[in-house]
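Peer 1: First, the structure itself, so that you have it in front of you.
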Amino acid sequence: MSESPDSTDMSARGSVGRFAPSPTGPLHFGSLVAAIGSFVHARAKGGAWLVRMEDVDKPREMPGAADGILRTLERFGLEWDGAVMYQSRRTDAYVQALEELCDRGLVYGCACSRKDIAEHAHMGMDGPVYPGTCRGRLGRARATRAWRFVVPEQPVCFTDAILGKHCFDMARDLGDFVVRRADGLFAYQLAVVVDDAGQGVTEVVRGADLLLSTPRQLVLQQALGLPVPEYAHLPLALNEQGEKLSKQTLAPAVAAADVASLWRQVLRFLGQDLPAGLERAPMRELRTWATRNWQPGRVPQHSSRVVVQL
Ligand SMILES: [Zn+2]
């Protein structure tokens, strides 16, 4: 873990992966799947692996969670390259990106309340589709609450390394999305593309719940002239009720769990053919095996229920 990296150093290593947790609570099995999956995917190619704290939404942050996550990653042998990036310190970069979008006429101020939108929107793939009410008022509207990005009319397609080819009709199914929220905070979508480019990330490996974010991020990358990373969306770990493991569904923290046992459970969850001989192997041995034998083609395309043994 050297100090003060820059994207030039990282790109010298070829591929650059990352893990980008939100410090809203401790790591659970679901977030560990994303951490180990992205780590192994990057290290298998000899690539760098970075960590970024997605603490752009300060009101949702849990005090101490960011440090707790880093200590947990260390315990699990997930050693990152360079310094951790904190989104809360990146406001200048987001302001600049929003200004660029403004200058290109690709965003507009939206004065609608949640209620206005609910009354006029149809349901899309990811909640109500913004009906474009304020679209005619491109520029800096007076009663602006949020800033929205104008999505293209033509389909947006990409090939996910695990889930294959996906095409989205963004105008119909997702709508003009928020890049700066009514409360002044920058939206996740904008922060992520600015930071992935800023960190020189070449491959984004994350949970399949973010698949619908990918077309939004692709159009933002295109609009800002940023490089497009590869995407690989991992299956989600579900609890017995079929809900995604998360802080909201009270998934237990893994901080104090048996690291070798959890590594084995994550690798099996990701479809890797772990030899029986590694049943009692320590974490470091599992990590070495995983980076030498990683087979992304074996990762299941479907999310599934898991009973996690902590
Ligand atoms: Zn509006």
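Going by the structure tokens order, chains are called A, B, ..., each with residues numbered from 1, while ligands are numbered from 1 in the order shown.
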What do you get as a list in words if you pick all residues at most 7 Å from ligand 1, counting only C-alpha atoms and all ligand atoms?
Peer 2: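 Written in the requested form, the residues are Cys110, Ala111, Cys112, Gly132, Thr133 and Cys134 of chain A.
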Peer 1: Select from segment 12-82 of chain A everything DSSP, run on the backbone, classes as helix (DSSP H, G or I), then give the selection as a PyMOL selection string.
Peer 2: chain A and resi 29-44+58-60+65-75
Peer 1: Quick one: residues within 12 Å of Leu224 of chain A, only C-alpha atoms, excluding same-chain residues fewer than 3 positions away - as a PyMOL selection string?
Peer 2: chain A and resi 94+96-107+149+190+193-194+197+217-221+227-228
Peer 1: Which one is closest to Pro26 of chain A: A:Arg71, A:Arg172, A:Lys45, A:Arg298? Count only C-alpha atoms.
Peer 2: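 Smallest distance to Pro26 of chain A is found for A:Arg71.
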Peer 1: Quick one: everything within 12 Å of Asp126 of chain A, counting only C-alpha atoms, minus sequence neighbours fewer than 5 positions away in the same chain. Send it as number ranges by chain.
Peer 2: A: 168, 170, 172-175, 177, 209-213, 216
Peer 1: Taking into account only C-alpha atoms, which residue in the set A:Phe29, A:Trp294, A:Phe19, A:Trp80 is nearest to Ala253 of chain A?
Peer 2: A:Phe29
Peer 1: Which polymer residues have any atom within 10 Å of an atom of Lys244 of chain A, counting only C-alpha atoms, with same-chain residues fewer than 5 positions away left out, as a ChimeraX atom specification?
Peer 2: /A:30,209,236-239,249,251,303-305
Peer 1: Quick one: distance from atom CA of Gly14 of chain A to atom CA of Thr202 of chain A in Å, one decimal?
Peer 2: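 Taking atom CA of Gly14 of chain A as the start and atom CA of Thr202 of chain A as the end point, the length is 8.3 Å.
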Peer 1: Can you tell me how far atom CA of Ala34 of chain A sits from atom CA of Gly225 of chain A, in Å to one decimal?
Peer 2: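 Separation between atom CA of Ala34 of chain A and atom CA of Gly225 of chain A: 27.4 Å.
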Peer 1: Point out the residue among A:Ala93, A:Ile162, A:Leu274, A:Val254 with the least atom-to-atom distance to Thr291 of chain A, counting only C-alpha atoms.
Peer 2: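 Going through A:Ala93, A:Ile162, A:Leu274, A:Val254 one by one, the smallest distance to Thr291 of chain A is for A:Leu274.
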Peer 1: So the first atom is atom CA of Trp263 of chain A and the second is atom CA of Ser38 of chain A; what is the distance between them in Å, to one decimal place?
Peer 2: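 Going from atom CA of Trp263 of chain A over to atom CA of Ser38 of chain A covers 13.2 Å.
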Peer 1: Kindly indicate which residue among A:Gly64, A:Gly200, A:Pro300, A:Gly109 lies nearest to Arg268 of chain A, using only C-alpha atoms for the distances.
Peer 2: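 Smallest distance to Arg268 of chain A is found for A:Pro300.
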Peer 1: Set the distance at 9 Å and use only C-alpha atoms: which residues neighbour Arg52 of chain A once local chain neighbours fewer than 4 positions away are removed? I'd like the list as a list in words.
Peer 2: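 Neighbouring residues, sequence-local ones excluded: Arg18, Phe19, Ala20, Pro21, Ser22, Ala83, Val84, Met85, Tyr86, Gln87 and Asp195 of chain A.
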Peer 1: Could those residues be written to a file, using C-alpha atoms, as a JSON list (two decimals), in the first residue's frame?
Peer 2:
```
[["chain", "number", "residue", "atom", "x", "y", "z"],
["A", 18, "ARG", "CA", -11.75, -1.32, -7.80],
["A", 19, "PHE", "CA", -14.06, -1.89, -4.85],
["A", 20, "ALA", "CA", -16.28, 1.03, -3.95],
["A", 21, "PRO", "CA", -18.28, 0.49, -0.77],
["A", 22, "SER", "CA", -20.67, 2.99, 0.79],
["A", 83, "ALA", "CA", -4.40, 5.63, -1.27],
["A", 84, "VAL", "CA", -8.12, 5.19, -0.65],
["A", 85, "MET", "CA", -10.20, 7.73, -2.57],
["A", 86, "TYR", "CA", -13.00, 9.46, -0.62],
["A", 87, "GLN", "CA", -15.88, 10.86, -2.66],
["A", 195, "ASP", "CA", -14.06, 8.83, -10.05]]
```
Peer 1: Could you tell me which of A:Ala256, A:Leu245, A:Val192, A:Val129 comes closest to Leu226 of chain A if we count only C-alpha atoms?
Peer 2: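 Ranking A:Ala256, A:Leu245, A:Val192, A:Val129 by distance to Leu226 of chain A, first place goes to A:Val192.
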Peer 1: Quick one: everything within 7 Å of segment 279-286 of chain A, counting only C-alpha atoms, minus sequence neighbours fewer than 4 positions away in the same chain. Send it as a PyMOL selection string.
Peer 2: chain A and resi 259-260+263+290
Peer 1: Which one of A:Leu27, A:Ala143, A:Gln199, A:Ala171 sits closest to Gly82 of chain A if you count only C-alpha atoms?
Peer 2: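 Going through A:Leu27, A:Ala143, A:Gln199, A:Ala171 one by one, the smallest distance to Gly82 of chain A is for A:Gln199.
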Peer 1: Mind listing the strand (DSSP E or B) residues of segment 30-256 of chain A, per DSSP on the backbone, as a VMD selection string?
Peer 2: chain A and resid 48 to 53 85 to 86 107 to 110 122 to 125 127 to 130 139 146 to 149 156 to 160 164 to 168 175 177 to 180 186 203 to 207 230 to 234 237 to 238 244 253
Peer 1: Next, the residues of the selection above should be written as an mmCIF file, in the first residue's frame with C-alpha atoms.
Peer 2:
```
data_model
loop_
_atom_site.group_PDB
_atom_site.id
_atom_site.type_symbol
_atom_site.label_atom_id
_atom_site.label_comp_id
_atom_site.auth_asym_id
_atom_site.auth_seq_id
_atom_site.Cartn_x
_atom_site.Cartn_y
_atom_site.Cartn_z
ATOM 1 C CA ALA A 48 -4.079 -3.104 -9.664
ATOM 2 C CA TRP A 49 -6.993 -3.070 -7.239
ATOM 3 C CA LEU A 50 -8.166 0.207 -5.720
ATOM 4 C CA VAL A 51 -10.583 1.132 -2.971
ATOM 5 C CA ARG A 52 -12.929 4.099 -3.066
ATOM 6 C CA MET A 53 -15.267 5.141 -0.280
ATOM 7 C CA MET A 85 -10.203 7.732 -2.567
ATOM 8 C CA TYR A 86 -13.004 9.460 -0.616
ATOM 9 C CA VAL A 107 -28.439 18.655 -18.404
ATOM 10 C CA TYR A 108 -31.329 20.784 -17.266
ATOM 11 C CA GLY A 109 -32.689 22.072 -14.018
ATOM 12 C CA CYS A 110 -35.745 20.208 -12.808
ATOM 13 C CA HIS A 122 -45.054 5.594 -15.719
ATOM 14 C CA MET A 123 -43.202 2.778 -14.007
ATOM 15 C CA GLY A 124 -39.966 1.822 -15.697
ATOM 16 C CA MET A 125 -37.253 -0.727 -15.015
ATOM 17 C CA GLY A 127 -38.905 3.009 -10.517
ATOM 18 C CA PRO A 128 -40.915 5.884 -12.019
ATOM 19 C CA VAL A 129 -39.580 7.190 -15.351
ATOM 20 C CA TYR A 130 -39.219 10.959 -15.193
ATOM 21 C CA GLY A 139 -30.170 25.873 -18.905
ATOM 22 C CA ALA A 146 -32.297 18.864 -9.141
ATOM 23 C CA TRP A 147 -30.215 18.591 -12.304
ATOM 24 C CA ARG A 148 -31.128 15.927 -14.825
ATOM 25 C CA PHE A 149 -29.238 14.405 -17.723
ATOM 26 C CA VAL A 156 -27.558 2.015 -25.336
ATOM 27 C CA CYS A 157 -25.858 -1.386 -25.543
ATOM 28 C CA PHE A 158 -22.921 -2.989 -23.785
ATOM 29 C CA THR A 159 -21.517 -6.450 -23.264
ATOM 30 C CA ASP A 160 -21.119 -7.435 -19.649
ATOM 31 C CA GLY A 164 -23.499 -10.843 -21.814
ATOM 32 C CA LYS A 165 -25.020 -8.256 -24.141
ATOM 33 C CA HIS A 166 -27.625 -5.844 -22.791
ATOM 34 C CA CYS A 167 -29.447 -3.041 -24.595
ATOM 35 C CA PHE A 168 -31.509 -0.354 -22.929
ATOM 36 C CA GLY A 175 -35.745 8.394 -18.212
ATOM 37 C CA PHE A 177 -31.818 10.820 -14.429
ATOM 38 C CA VAL A 178 -30.555 13.066 -11.661
ATOM 39 C CA VAL A 179 -26.883 14.075 -11.637
ATOM 40 C CA ARG A 180 -27.196 16.624 -8.834
ATOM 41 C CA PHE A 186 -24.002 14.982 -6.388
ATOM 42 C CA GLU A 203 -12.809 -2.846 -15.160
ATOM 43 C CA VAL A 204 -15.814 -2.409 -12.945
ATOM 44 C CA VAL A 205 -16.772 -5.615 -11.106
ATOM 45 C CA ARG A 206 -19.782 -5.124 -8.845
ATOM 46 C CA GLY A 207 -23.156 -6.523 -7.848
ATOM 47 C CA GLU A 230 -15.297 -3.097 -18.924
ATOM 48 C CA TYR A 231 -18.221 -4.155 -16.788
ATOM 49 C CA ALA A 232 -18.800 -7.440 -14.968
ATOM 50 C CA HIS A 233 -21.849 -7.782 -12.736
ATOM 51 C CA LEU A 234 -21.706 -10.451 -10.047
ATOM 52 C CA ALA A 237 -26.414 -13.051 -2.459
ATOM 53 C CA LEU A 238 -29.997 -13.349 -1.213
ATOM 54 C CA LYS A 244 -30.629 -9.009 -1.313
ATOM 55 C CA ALA A 253 -21.388 -8.166 9.602
#
```
